[in-house]
file upload_22.cif (mmCIF, C-alpha atoms and all ligand atoms)
data_target
#
loop_
_atom_site.group_PDB
_atom_site.id
_atom_site.type_symbol
_atom_site.label_atom_id
_atom_site.label_comp_id
_atom_site.auth_asym_id
_atom_site.auth_seq_id
_atom_site.Cartn_x
_atom_site.Cartn_y
_atom_site.Cartn_z
ATOM 1 C CA LEU A 1 21.110 -241.375 221.887
ATOM 2 C CA ASP A 2 19.048 -241.762 218.716
ATOM 3 C CA ARG A 3 19.157 -238.016 217.886
ATOM 4 C CA TYR A 4 21.986 -235.646 217.184
ATOM 5 C CA PRO A 5 22.664 -233.178 219.980
ATOM 6 C CA GLU A 6 22.511 -229.425 219.286
ATOM 7 C CA SER A 7 25.499 -228.834 217.032
ATOM 8 C CA ASP A 8 26.847 -226.072 219.326
ATOM 9 C CA ALA A 9 25.432 -227.216 222.690
ATOM 10 C CA ALA A 10 23.518 -223.920 222.745
ATOM 11 C CA THR A 11 21.178 -224.787 225.632
ATOM 12 C CA LEU A 12 24.040 -225.810 227.887
ATOM 13 C CA THR A 13 26.137 -222.835 226.799
ATOM 14 C CA ALA A 14 23.268 -220.494 227.714
ATOM 15 C CA ALA A 15 22.911 -222.232 231.098
ATOM 16 C CA TYR A 16 26.643 -221.822 231.840
ATOM 17 C CA ALA A 17 26.398 -218.159 230.808
ATOM 18 C CA ARG A 18 23.423 -217.577 233.161
ATOM 19 C CA GLU A 19 25.319 -219.299 235.977
ATOM 20 C CA ILE A 20 28.367 -217.095 235.500
ATOM 21 C CA GLY A 21 26.452 -213.927 234.690
ATOM 22 C CA VAL A 22 27.881 -213.228 231.220
ATOM 23 C CA PRO A 23 26.229 -213.122 227.759
ATOM 24 C CA PRO A 24 26.091 -216.508 225.938
ATOM 25 C CA GLU A 25 28.541 -215.157 223.313
ATOM 26 C CA CYS A 26 31.191 -215.220 226.061
ATOM 27 C CA VAL A 27 30.890 -218.990 226.589
ATOM 28 C CA LEU A 28 31.866 -222.051 224.560
ATOM 29 C CA ALA A 29 31.193 -225.655 225.648
ATOM 30 C CA GLY A 30 33.711 -228.293 224.618
ATOM 31 C CA ASN A 31 34.499 -231.987 224.592
ATOM 32 C CA GLY A 32 36.315 -231.689 227.896
ATOM 33 C CA SER A 33 38.494 -228.678 228.642
ATOM 34 C CA SER A 34 41.241 -230.635 226.820
ATOM 35 C CA GLU A 35 39.531 -230.003 223.483
ATOM 36 C CA LEU A 36 39.443 -226.293 224.283
ATOM 37 C CA ILE A 37 43.155 -226.234 225.222
ATOM 38 C CA TYR A 38 44.049 -227.637 221.794
ATOM 39 C CA LEU A 39 41.613 -225.396 219.879
ATOM 40 C CA ALA A 40 42.682 -222.267 221.773
ATOM 41 C CA ALA A 41 46.373 -222.916 221.034
ATOM 42 C CA ARG A 42 45.497 -223.084 217.325
ATOM 43 C CA ALA A 43 43.178 -220.084 217.430
ATOM 44 C CA PHE A 44 45.420 -217.679 219.311
ATOM 45 C CA GLY A 45 48.938 -218.722 218.337
ATOM 46 C CA HIS A 46 50.755 -217.815 215.173
ATOM 47 C CA ALA A 47 53.130 -220.287 213.495
ATOM 48 C CA GLY A 48 56.518 -220.149 215.205
ATOM 49 C CA GLY A 49 55.170 -217.853 217.933
ATOM 50 C CA SER A 50 55.845 -218.531 221.561
ATOM 51 C CA ALA A 51 53.744 -220.428 224.049
ATOM 52 C CA LEU A 52 54.846 -219.482 227.568
ATOM 53 C CA ILE A 53 54.011 -222.161 230.101
ATOM 54 C CA VAL A 54 54.295 -221.829 233.859
ATOM 55 C CA GLY A 55 55.591 -225.218 235.014
ATOM 56 C CA PRO A 56 55.776 -227.804 236.316
ATOM 57 C CA THR A 57 52.270 -228.310 235.012
ATOM 58 C CA PHE A 58 49.746 -230.265 232.961
ATOM 59 C CA GLY A 59 51.599 -231.722 229.956
ATOM 60 C CA GLU A 60 48.841 -231.053 227.442
ATOM 61 C CA TYR A 61 49.769 -227.355 227.162
ATOM 62 C CA THR A 62 53.106 -228.260 225.595
ATOM 63 C CA ARG A 63 51.504 -230.877 223.356
ATOM 64 C CA ALA A 64 48.782 -228.443 222.260
ATOM 65 C CA ALA A 65 51.374 -225.725 221.594
ATOM 66 C CA VAL A 66 53.493 -228.057 219.468
ATOM 67 C CA ALA A 67 50.409 -229.299 217.594
ATOM 68 C CA ALA A 68 49.613 -225.638 216.813
ATOM 69 C CA THR A 69 53.202 -225.088 215.563
ATOM 70 C CA LEU A 70 54.006 -222.816 218.501
ATOM 71 C CA VAL A 71 57.335 -222.947 220.304
ATOM 72 C CA PRO A 72 56.800 -223.927 223.948
ATOM 73 C CA ASP A 73 58.912 -222.166 226.572
ATOM 74 C CA THR A 74 58.395 -223.411 230.122
ATOM 75 C CA LEU A 75 59.310 -221.243 233.097
ATOM 76 C CA SER A 76 59.303 -223.524 236.077
ATOM 77 C CA ALA A 77 58.655 -223.007 239.744
ATOM 78 C CA THR A 78 61.257 -224.726 241.864
ATOM 79 C CA GLU A 79 61.438 -226.628 245.134
ATOM 80 C CA PRO A 80 60.781 -226.425 247.966
ATOM 81 C CA GLY A 81 57.791 -224.052 247.730
ATOM 82 C CA PHE A 82 57.129 -224.178 243.971
ATOM 83 C CA GLU A 83 56.415 -220.437 244.073
ATOM 84 C CA PRO A 84 55.378 -219.518 240.489
ATOM 85 C CA PRO A 85 58.176 -217.488 238.815
ATOM 86 C CA ILE A 86 56.007 -214.422 238.211
ATOM 87 C CA GLY A 87 58.872 -211.922 237.826
ATOM 88 C CA ALA A 88 60.585 -214.044 235.153
ATOM 89 C CA LEU A 89 57.246 -214.672 233.471
ATOM 90 C CA LEU A 90 56.428 -210.961 233.241
ATOM 91 C CA ALA A 91 59.891 -210.239 231.815
ATOM 92 C CA THR A 92 59.511 -213.004 229.222
ATOM 93 C CA ILE A 93 56.014 -211.847 228.260
ATOM 94 C CA GLY A 94 57.365 -208.299 227.847
ATOM 95 C CA ALA A 95 60.039 -209.516 225.432
ATOM 96 C CA ALA A 96 57.672 -211.707 223.378
ATOM 97 C CA THR A 97 55.483 -210.955 220.374
ATOM 98 C CA SER A 98 51.842 -211.971 220.787
ATOM 99 C CA PRO A 99 52.598 -214.854 223.158
ATOM 100 C CA VAL A 100 50.061 -217.445 224.229
ATOM 101 C CA VAL A 101 50.514 -217.848 227.983
ATOM 102 C CA PHE A 102 49.307 -221.017 229.701
ATOM 103 C CA ILE A 103 48.539 -220.844 233.409
ATOM 104 C CA CYS A 104 46.953 -223.582 235.474
ATOM 105 C CA ASN A 105 45.157 -222.290 238.554
ATOM 106 C CA PRO A 106 45.186 -224.085 240.944
ATOM 107 C CA ASN A 107 48.165 -225.735 239.372
ATOM 108 C CA ASN A 108 48.440 -229.417 238.565
ATOM 109 C CA PRO A 109 50.480 -230.962 240.225
ATOM 110 C CA THR A 110 51.530 -228.410 242.872
ATOM 111 C CA GLY A 111 48.027 -227.370 243.958
ATOM 112 C CA ARG A 112 49.166 -223.730 244.185
ATOM 113 C CA LEU A 113 46.558 -221.010 243.703
ATOM 114 C CA LEU A 114 47.392 -217.581 242.268
ATOM 115 C CA ASP A 115 45.644 -214.554 243.693
ATOM 116 C CA PRO A 116 43.371 -212.511 241.375
ATOM 117 C CA GLY A 117 45.770 -209.526 241.499
ATOM 118 C CA THR A 118 48.629 -211.619 240.096
ATOM 119 C CA ILE A 119 46.394 -213.010 237.347
ATOM 120 C CA ASP A 120 45.361 -209.474 236.491
ATOM 121 C CA THR A 121 49.016 -208.347 236.328
ATOM 122 C CA ILE A 122 49.890 -211.262 234.003
ATOM 123 C CA ALA A 123 46.834 -210.583 231.820
ATOM 124 C CA SER A 124 47.689 -206.872 231.522
ATOM 125 C CA ALA A 125 51.320 -207.604 230.594
ATOM 126 C CA THR A 126 50.149 -210.157 228.020
ATOM 127 C CA ASN A 127 47.677 -207.641 226.632
ATOM 128 C CA ARG A 128 50.474 -205.100 226.160
ATOM 129 C CA ALA A 129 52.485 -207.769 224.299
ATOM 130 C CA GLY A 130 49.515 -208.439 221.986
ATOM 131 C CA GLY A 131 48.982 -211.941 223.367
ATOM 132 C CA LEU A 132 46.425 -213.909 225.328
ATOM 133 C CA VAL A 133 46.405 -215.879 228.589
ATOM 134 C CA ILE A 134 44.780 -219.308 228.552
ATOM 135 C CA LEU A 135 43.866 -219.705 232.196
ATOM 136 C CA ASP A 136 43.000 -223.306 233.017
ATOM 137 C CA GLU A 137 40.800 -223.408 236.101
ATOM 138 C CA ALA A 138 39.879 -227.097 235.909
ATOM 139 C CA TYR A 139 40.542 -227.491 239.649
ATOM 140 C CA LEU A 140 39.209 -224.114 240.821
ATOM 141 C CA PRO A 141 36.031 -225.510 242.438
ATOM 142 C CA PHE A 142 38.237 -227.393 244.926
ATOM 143 C CA ALA A 143 39.634 -224.056 246.093
ATOM 144 C CA GLY A 144 36.096 -223.161 247.134
ATOM 145 C CA THR A 145 35.630 -220.802 244.168
ATOM 146 C CA SER A 146 33.010 -221.605 241.538
ATOM 147 C CA ALA A 147 33.356 -220.522 237.902
ATOM 148 C CA ALA A 148 30.721 -217.906 238.702
ATOM 149 C CA ARG A 149 33.064 -216.314 241.242
ATOM 150 C CA SER A 150 36.230 -216.677 239.185
ATOM 151 C CA HIS A 151 38.446 -213.509 238.950
ATOM 152 C CA PRO A 152 37.146 -210.457 237.098
ATOM 153 C CA PHE A 153 36.633 -210.640 233.370
ATOM 154 C CA HIS A 154 39.693 -209.419 231.489
ATOM 155 C CA SER A 155 39.836 -209.074 227.696
ATOM 156 C CA SER A 156 43.196 -210.877 227.585
ATOM 157 C CA LEU A 157 41.986 -213.904 229.541
ATOM 158 C CA PHE A 158 40.528 -217.012 227.974
ATOM 159 C CA THR A 159 39.435 -219.075 230.955
ATOM 160 C CA LEU A 160 38.841 -222.815 230.846
ATOM 161 C CA HIS A 161 36.637 -224.777 233.219
ATOM 162 C CA SER A 162 36.256 -228.527 233.442
ATOM 163 C CA SER A 163 33.012 -230.206 234.363
ATOM 164 C CA THR A 164 34.700 -233.575 234.712
ATOM 165 C CA LYS A 165 36.625 -233.017 237.955
ATOM 166 C CA LEU A 166 34.157 -231.844 240.587
ATOM 167 C CA HIS A 167 31.359 -233.984 239.192
ATOM 168 C CA ALA A 168 33.652 -236.965 238.610
ATOM 169 C CA ILE A 169 32.449 -237.601 235.027
ATOM 170 C CA PRO A 170 35.698 -237.690 233.009
ATOM 171 C CA GLY A 171 34.265 -240.387 230.739
ATOM 172 C CA LEU A 172 31.589 -237.977 229.499
ATOM 173 C CA ARG A 173 34.037 -235.265 228.306
ATOM 174 C CA LEU A 174 32.685 -231.837 229.185
ATOM 175 C CA GLY A 175 34.214 -228.437 229.807
ATOM 176 C CA PHE A 176 33.693 -224.821 228.826
ATOM 177 C CA ALA A 177 35.565 -221.632 228.060
ATOM 178 C CA VAL A 178 34.740 -218.081 229.108
ATOM 179 C CA GLY A 179 36.204 -215.155 227.219
ATOM 180 C CA ASP A 180 35.765 -212.129 225.053
ATOM 181 C CA PRO A 181 33.076 -212.788 222.369
ATOM 182 C CA ALA A 182 35.588 -212.286 219.521
ATOM 183 C CA ASP A 183 37.974 -214.838 221.101
ATOM 184 C CA ILE A 184 35.144 -217.289 221.716
ATOM 185 C CA ALA A 185 34.101 -216.919 218.058
ATOM 186 C CA ARG A 186 37.661 -217.667 216.875
ATOM 187 C CA VAL A 187 37.797 -220.894 218.858
ATOM 188 C CA ARG A 188 34.245 -221.886 217.907
ATOM 189 C CA ALA A 189 35.198 -221.550 214.226
ATOM 190 C CA LEU A 190 37.749 -224.367 214.699
ATOM 191 C CA GLN A 191 35.418 -226.674 216.637
ATOM 192 C CA PRO A 192 33.652 -229.516 214.817
ATOM 193 C CA PRO A 193 29.845 -229.625 215.147
ATOM 194 C CA TRP A 194 28.314 -231.947 217.793
ATOM 195 C CA SER A 195 31.515 -231.801 219.791
ATOM 196 C CA VAL A 196 29.595 -232.129 223.053
ATOM 197 C CA SER A 197 27.512 -235.316 223.095
ATOM 198 C CA ALA A 198 23.853 -235.517 224.122
ATOM 199 C CA PRO A 199 24.649 -237.419 227.377
ATOM 200 C CA ALA A 200 27.325 -234.833 228.237
ATOM 201 C CA ILE A 201 24.878 -231.954 227.614
ATOM 202 C CA ALA A 202 22.267 -233.651 229.809
ATOM 203 C CA ALA A 203 24.831 -234.305 232.547
ATOM 204 C CA GLY A 204 26.100 -230.722 232.370
ATOM 205 C CA LEU A 205 22.583 -229.316 232.808
ATOM 206 C CA ALA A 206 21.887 -231.725 235.681
ATOM 207 C CA ALA A 207 25.196 -230.839 237.356
ATOM 208 C CA LEU A 208 24.318 -227.141 237.316
ATOM 209 C CA ALA A 209 21.278 -227.952 239.437
ATOM 210 C CA GLU A 210 23.422 -229.687 242.093
ATOM 211 C CA ARG A 211 24.711 -226.554 243.810
ATOM 212 C CA ASP A 212 24.169 -227.797 247.378
ATOM 213 C CA TRP A 213 25.807 -231.130 246.621
ATOM 214 C CA ALA A 214 28.774 -229.365 245.015
ATOM 215 C CA ARG A 215 29.237 -227.047 248.007
ATOM 216 C CA ASP A 216 29.046 -229.948 250.502
ATOM 217 C CA CYS A 217 31.420 -231.991 248.409
ATOM 218 C CA VAL A 218 34.032 -229.215 248.319
ATOM 219 C CA GLU A 219 33.720 -228.622 252.074
ATOM 220 C CA ARG A 220 34.120 -232.322 252.856
ATOM 221 C CA LEU A 221 37.052 -232.583 250.461
ATOM 222 C CA ALA A 222 38.825 -229.609 252.081
ATOM 223 C CA ALA A 223 38.437 -231.189 255.531
ATOM 224 C CA THR A 224 39.741 -234.557 254.311
ATOM 225 C CA ARG A 225 42.614 -232.812 252.471
ATOM 226 C CA ASP A 226 43.671 -231.129 255.743
ATOM 227 C CA ASP A 227 43.474 -234.421 257.633
ATOM 228 C CA LEU A 228 45.446 -236.255 254.951
ATOM 229 C CA ALA A 229 48.129 -233.544 254.971
ATOM 230 C CA ALA A 230 48.358 -233.728 258.784
ATOM 231 C CA ARG A 231 48.610 -237.547 258.755
ATOM 232 C CA LEU A 232 51.296 -237.466 256.048
ATOM 233 C CA ALA A 233 53.267 -234.850 257.996
ATOM 234 C CA CYS A 234 53.173 -237.160 261.040
ATOM 235 C CA LEU A 235 54.638 -239.887 258.828
ATOM 236 C CA GLY A 236 57.498 -237.560 257.855
ATOM 237 C CA LEU A 237 56.016 -236.791 254.427
ATOM 238 C CA PRO A 238 54.972 -233.120 254.460
ATOM 239 C CA ALA A 239 52.795 -232.134 251.508
ATOM 240 C CA LEU A 240 52.769 -228.811 249.712
ATOM 241 C CA PRO A 241 49.761 -226.656 250.735
ATOM 242 C CA SER A 242 47.109 -227.405 248.097
ATOM 243 C CA SER A 243 43.972 -225.703 246.796
ATOM 244 C CA ALA A 244 43.114 -228.697 244.613
ATOM 245 C CA ASN A 245 41.836 -232.235 245.179
ATOM 246 C CA PHE A 246 45.347 -233.673 245.440
ATOM 247 C CA LEU A 247 48.562 -233.228 247.405
ATOM 248 C CA LEU A 248 52.110 -233.137 246.058
ATOM 249 C CA VAL A 249 54.444 -235.090 248.308
ATOM 250 C CA ASP A 250 58.218 -235.633 248.207
ATOM 251 C CA VAL A 251 58.712 -239.380 248.757
ATOM 252 C CA GLY A 252 62.301 -239.666 247.486
ATOM 253 C CA ASP A 253 61.708 -242.221 244.738
ATOM 254 C CA ALA A 254 58.289 -241.721 243.173
ATOM 255 C CA ALA A 255 58.398 -244.780 240.909
ATOM 256 C CA ALA A 256 59.324 -247.131 243.774
ATOM 257 C CA PHE A 257 56.740 -245.565 246.104
ATOM 258 C CA ARG A 258 54.003 -245.927 243.487
ATOM 259 C CA ARG A 259 54.971 -249.569 242.873
ATOM 260 C CA GLN A 260 54.839 -250.342 246.582
ATOM 261 C CA LEU A 261 51.446 -248.684 247.039
ATOM 262 C CA LEU A 262 50.080 -250.583 244.038
ATOM 263 C CA GLY A 263 50.884 -253.695 246.047
ATOM 264 C CA HIS A 264 48.286 -252.431 248.542
ATOM 265 C CA GLY A 265 45.735 -251.838 245.792
ATOM 266 C CA LEU A 266 46.224 -248.054 245.785
ATOM 267 C CA ALA A 267 47.395 -245.886 242.881
ATOM 268 C CA VAL A 268 49.145 -242.534 243.224
ATOM 269 C CA ARG A 269 50.593 -240.464 240.384
ATOM 270 C CA ASP A 270 54.337 -240.758 239.908
ATOM 271 C CA CYS A 271 55.255 -237.158 238.984
ATOM 272 C CA SER A 272 58.366 -238.091 236.953
ATOM 273 C CA SER A 273 56.486 -237.035 233.800
ATOM 274 C CA PHE A 274 56.209 -233.527 235.322
ATOM 275 C CA GLY A 275 60.000 -233.550 235.786
ATOM 276 C CA LEU A 276 59.569 -234.352 239.489
ATOM 277 C CA PRO A 277 60.910 -237.890 239.994
ATOM 278 C CA CYS A 278 60.953 -237.506 243.795
ATOM 279 C CA PHE A 279 57.288 -236.522 244.038
ATOM 280 C CA VAL A 280 53.957 -238.276 243.928
ATOM 281 C CA ARG A 281 50.536 -236.656 243.576
ATOM 282 C CA ILE A 282 48.062 -238.203 245.966
ATOM 283 C CA ALA A 283 44.356 -237.690 245.253
ATOM 284 C CA VAL A 284 42.314 -236.789 248.332
ATOM 285 C CA PRO A 285 40.259 -239.934 248.957
ATOM 286 C CA HIS A 286 36.746 -240.313 250.301
ATOM 287 C CA ARG A 287 36.941 -239.945 254.082
ATOM 288 C CA GLU A 288 36.128 -243.647 254.610
ATOM 289 C CA HIS A 289 39.281 -244.576 252.655
ATOM 290 C CA LEU A 290 41.599 -242.164 254.480
ATOM 291 C CA ALA A 291 42.758 -244.619 257.159
ATOM 292 C CA ARG A 292 43.452 -247.325 254.564
ATOM 293 C CA LEU A 293 45.527 -244.902 252.480
ATOM 294 C CA CYS A 294 47.524 -243.629 255.462
ATOM 295 C CA ASP A 295 48.152 -247.166 256.764
ATOM 296 C CA ALA A 296 49.447 -248.223 253.357
ATOM 297 C CA VAL A 297 51.657 -245.115 253.060
ATOM 298 C CA GLU A 298 53.121 -245.841 256.514
ATOM 299 C CA ARG A 299 54.051 -249.334 255.395
ATOM 300 C CA CYS A 300 55.640 -248.065 252.173
ATOM 301 C CA ARG A 301 57.837 -245.243 253.407
HETATM 302 C C1 LIG A 401 44.991 -228.971 234.658
HETATM 303 C C2 LIG A 401 44.075 -229.794 233.817
HETATM 304 N N1 LIG A 401 43.339 -229.179 232.893
HETATM 305 C C3 LIG A 401 42.505 -229.869 232.099
HETATM 306 C C4 LIG A 401 42.394 -231.235 232.220
HETATM 307 C C5 LIG A 401 41.488 -231.952 231.287
HETATM 308 O O1 LIG A 401 40.192 -231.994 231.808
HETATM 309 P P1 LIG A 401 38.955 -232.405 230.934
HETATM 310 O O2 LIG A 401 38.488 -233.699 231.469
HETATM 311 O O3 LIG A 401 37.951 -231.305 231.167
HETATM 312 O O4 LIG A 401 39.369 -232.496 229.515
HETATM 313 C C6 LIG A 401 43.131 -231.915 233.181
HETATM 314 C C7 LIG A 401 43.016 -233.377 233.318
HETATM 315 O O5 LIG A 401 43.665 -234.016 234.089
HETATM 316 C C8 LIG A 401 44.007 -231.172 233.995
HETATM 317 O O6 LIG A 401 44.763 -231.749 234.924
#

call {"tool": "encode", "arguments": {"input": "upload_22.cif", "output": "structure tokens", "more": "lines below"}}
Ligand SMILES: Cc1ncc(COP(=O)(O)O)c(C=O)c1O
result
Amino acid sequence: LDRYPESDAATLTAAYAREIGVPPECVLAGNGSSELIYLAARAFGHAGGSALIVGPTFGEYTRAAVAATLVPDTLSATEPGFEPPIGALLATIGAATSPVVFICNPNNPTGRLLDPGTIDTIASATNRAGGLVILDEAYLPFAGTSAARSHPFHSSLFTLHSSTKLHAIPGLRLGFAVGDPADIARVRALQPPWSVSAPAIAAGLAALAERDWARDCVERLAATRDDLAARLACLGLPALPSSANFLLVDVGDAAAFRRQLLGHGLAVRDCSSFGLPCFVRIAVPHREHLARLCDAVERCR
């Protein structure tokens, strides 16, 4: 704490690059993936250009687009399955000039995972339109896929990974981007020095050494996620199939449901801010808390 960290987190960047199997020039560490979302919107957008967002999704894409003077255009998946509107997205990309396309995979809050072929199709269409896809894979580890086994490298993809989710260190702020060296250089040019703190660099290096723990954690989470979904279905609250560490559940009145659960000392996310006032997002708990959560939900429905 009494020394400055490396100004560009070079040691950690090199370690991420080794882990993924790409040259260090293809990687950029950031102050959480949030920092990289905002910097990428500025780096790749042009004033008044379009930011195409596949919704309902993480609200920071819209905020980052607006901050970068882009015009956000959200194409939303709809109930009941929240199937991403790929056909409409491809048509919109085709009609746009150098769009920045935001995709969250798996998506927050639906938990839906796109297959690599679909991502490739979107990236190719965006490439033809002279744009770039910002692919946010903050929750990908929970789908059982590490950053190292993310979809194939594509020159029109700028992929973001978060180190704060799987390792449960959001207070430390750490994430990284993987992309074409020229794109990485454009974003790096906008990043202040020392953006990643010394404790975050140390935690990131330590986390990379915890492969077995990470694998066990993801396996246990997937089992608990299945059990939670089954218990909720028995209570008449079927959840959307999820590849993330949360479930999206239609409870009728999200605000009231959240209030009631708070009375039991449990917090769920009211998804009204995603435009889904009937839905809550329930984080998959530790297995020892599963019964308590399900009992409380049963009393609140
Ligand atoms: C989809 C998504 N991407 C990125 C982030 C930000 O993560 P980080 O802690 O790496 O900034 C979040 C945080 O909730 C998120 O939901």

call {"tool": "residues_near_ligand", "arguments": {"input": "upload_22.cif", "ligand": "ligand LIG 401 (chain A)", "cutoff": "8 Å", "atoms": "all atoms listed in the file", "output": "list in words"}}
result
Asn31, Gly32, Ser33, Ser34, Glu35, Ile37, Thr57, Phe58, Glu60, Cys104, Asn105, Pro106, Asn107, Asn108, Pro109, Asp136, Glu137, Ala138, Tyr139, His161, Ser162, Ser163, Thr164, Lys165, Pro170, Gly171, Arg173, Leu174 and Gly175 of chain A

call {"tool": "residues_around", "arguments": {"input": "upload_22.cif", "residues": "Arg215 (chain A)", "least_positions_apart": "4", "cutoff": "8 Å", "atoms": "only C-alpha atoms", "output": "VMD selection string"}}
result
chain A and resid 144 211 219

call {"tool": "closest_residue", "arguments": {"input": "upload_22.cif", "among": "A:Glu210, A:Asp250, A:Asp8, A:Asp270", "to": "Trp194 (chain A)", "atoms": "only C-alpha atoms"}}
result
A:Asp8

call {"tool": "closest_residue", "arguments": {"input": "upload_22.cif", "among": "A:Leu28, A:Phe82, A:Leu261, A:Arg18", "to": "Arg292 (chain A)", "atoms": "all atoms listed in the file"}}
result
A:Leu261

call {"tool": "resolve_selection", "arguments": {"input": "upload_22.cif", "expression": "the PyMOL selection byres (((chain A and resi 188) around 10) and not hetatm)", "output": "list in words"}}
result
Asp8, Val27, Leu28, Ala29, Gly30, Leu36, Leu39, Ala40, Ala43, Ala182, Asp183, Ile184, Ala185, Arg186, Val187, Ala189, Leu190, Gln191, Pro192 and Pro193 of chain A

call {"tool": "residues_around", "arguments": {"input": "upload_22.cif", "residues": "Pro199 (chain A)", "least_positions_apart": "2", "cutoff": "12 Å", "atoms": "all atoms listed in the file", "output": "PyMOL selection string"}}
result
chain A and resi 1-6+9+12+31+169+171-174+194-197+201-207

call {"tool": "atom_distance", "arguments": {"input": "upload_22.cif", "atom1": "CA of Ile134 (chain A)", "atom2": "CA of Ser98 (chain A)"}}
result
12.8 Å

call {"tool": "closest_residue", "arguments": {"input": "upload_22.cif", "among": "A:Leu248, A:Ile53, A:Ala223, A:Ala91", "to": "Ala129 (chain A)", "atoms": "only C-alpha atoms"}}
result
A:Ala91

call {"tool": "atom_distance", "arguments": {"input": "upload_22.cif", "atom1": "CA of Val101 (chain A)", "atom2": "CA of Ala68 (chain A)"}}
result
13.6 Å

call {"tool": "closest_residue", "arguments": {"input": "upload_22.cif", "among": "A:Gly275, A:Gly111, A:Gly263, A:Pro141", "to": "Glu83 (chain A)", "atoms": "all atoms listed in the file"}}
result
A:Gly111

call {"tool": "residues_around", "arguments": {"input": "upload_22.cif", "residues": "region 233-242 of chain A", "least_positions_apart": "2", "cutoff": "9 Å", "atoms": "only C-alpha atoms", "output": "JSON list (two decimals) with C-alpha atoms, keeping the file's coordinate frame"}}
result
[["chain", "number", "residue", "atom", "x", "y", "z"],
["A", 80, "PRO", "CA", 60.78, -226.42, 247.97],
["A", 81, "GLY", "CA", 57.79, -224.05, 247.73],
["A", 82, "PHE", "CA", 57.13, -224.18, 243.97],
["A", 106, "PRO", "CA", 45.19, -224.08, 240.94],
["A", 107, "ASN", "CA", 48.16, -225.74, 239.37],
["A", 110, "THR", "CA", 51.53, -228.41, 242.87],
["A", 111, "GLY", "CA", 48.03, -227.37, 243.96],
["A", 112, "ARG", "CA", 49.17, -223.73, 244.18],
["A", 113, "LEU", "CA", 46.56, -221.01, 243.70],
["A", 143, "ALA", "CA", 39.63, -224.06, 246.09],
["A", 225, "ARG", "CA", 42.61, -232.81, 252.47],
["A", 228, "LEU", "CA", 45.45, -236.26, 254.95],
["A", 229, "ALA", "CA", 48.13, -233.54, 254.97],
["A", 230, "ALA", "CA", 48.36, -233.73, 258.78],
["A", 231, "ARG", "CA", 48.61, -237.55, 258.76],
["A", 244, "ALA", "CA", 43.11, -228.70, 244.61],
["A", 245, "ASN", "CA", 41.84, -232.24, 245.18],
["A", 246, "PHE", "CA", 45.35, -233.67, 245.44],
["A", 247, "LEU", "CA", 48.56, -233.23, 247.40],
["A", 248, "LEU", "CA", 52.11, -233.14, 246.06],
["A", 249, "VAL", "CA", 54.44, -235.09, 248.31],
["A", 250, "ASP", "CA", 58.22, -235.63, 248.21],
["A", 251, "VAL", "CA", 58.71, -239.38, 248.76],
["A", 294, "CYS", "CA", 47.52, -243.63, 255.46],
["A", 297, "VAL", "CA", 51.66, -245.12, 253.06],
["A", 298, "GLU", "CA", 53.12, -245.84, 256.51],
["A", 301, "ARG", "CA", 57.84, -245.24, 253.41]]

call {"tool": "axis_aligned_box", "arguments": {"input": "upload_22.cif", "around": "region 182-189 of chain A", "padding_each_side": "3 Å", "output": "JSON"}}
result
{"center_x": 36.0, "center_y": -217.1, "center_z": 218.0, "size_x": 9.9, "size_y": 15.6, "size_z": 13.5}

call {"tool": "atom_distance", "arguments": {"input": "upload_22.cif", "atom1": "CA of Cys271 (chain A)", "atom2": "CA of Arg63 (chain A)"}}
result
17.3 Å

call {"tool": "resolve_selection", "arguments": {"input": "upload_22.cif", "expression": "the PyMOL selection byres (((chain A and resi 48) around 7) and not hetatm)", "output": "list in words"}}
result
His46, Ala47, Gly49, Ser50, Thr69, Leu70 and Val71 of chain A

call {"tool": "residues_near_point", "arguments": {"input": "upload_22.cif", "point": "(46.8, -218.3, 224.2)", "cutoff": "7 Å", "atoms": "all atoms listed in the file", "output": "PyMOL selection string"}}
result
chain A and resi 40-41+44-45+99-102+131-134

call {"tool": "resolve_selection", "arguments": {"input": "upload_22.cif", "expression": "the PyMOL selection byres (((chain A and resi 178) around 10) and not hetatm)", "output": "list in words"}}
result
Tyr16, Ala17, Ile20, Val22, Pro23, Pro24, Glu25, Cys26, Val27, Leu28, Ala29, Leu135, Ala147, Phe153, Leu157, Phe158, Thr159, Leu160, His161, Phe176, Ala177, Gly179, Asp180, Pro181, Asp183 and Ile184 of chain A

call {"tool": "closest_residue", "arguments": {"input": "upload_22.cif", "among": "A:Leu140, A:Ala88, A:Glu19, A:Tyr38", "to": "Ala65 (chain A)", "atoms": "all atoms listed in the file"}}
result
A:Tyr38
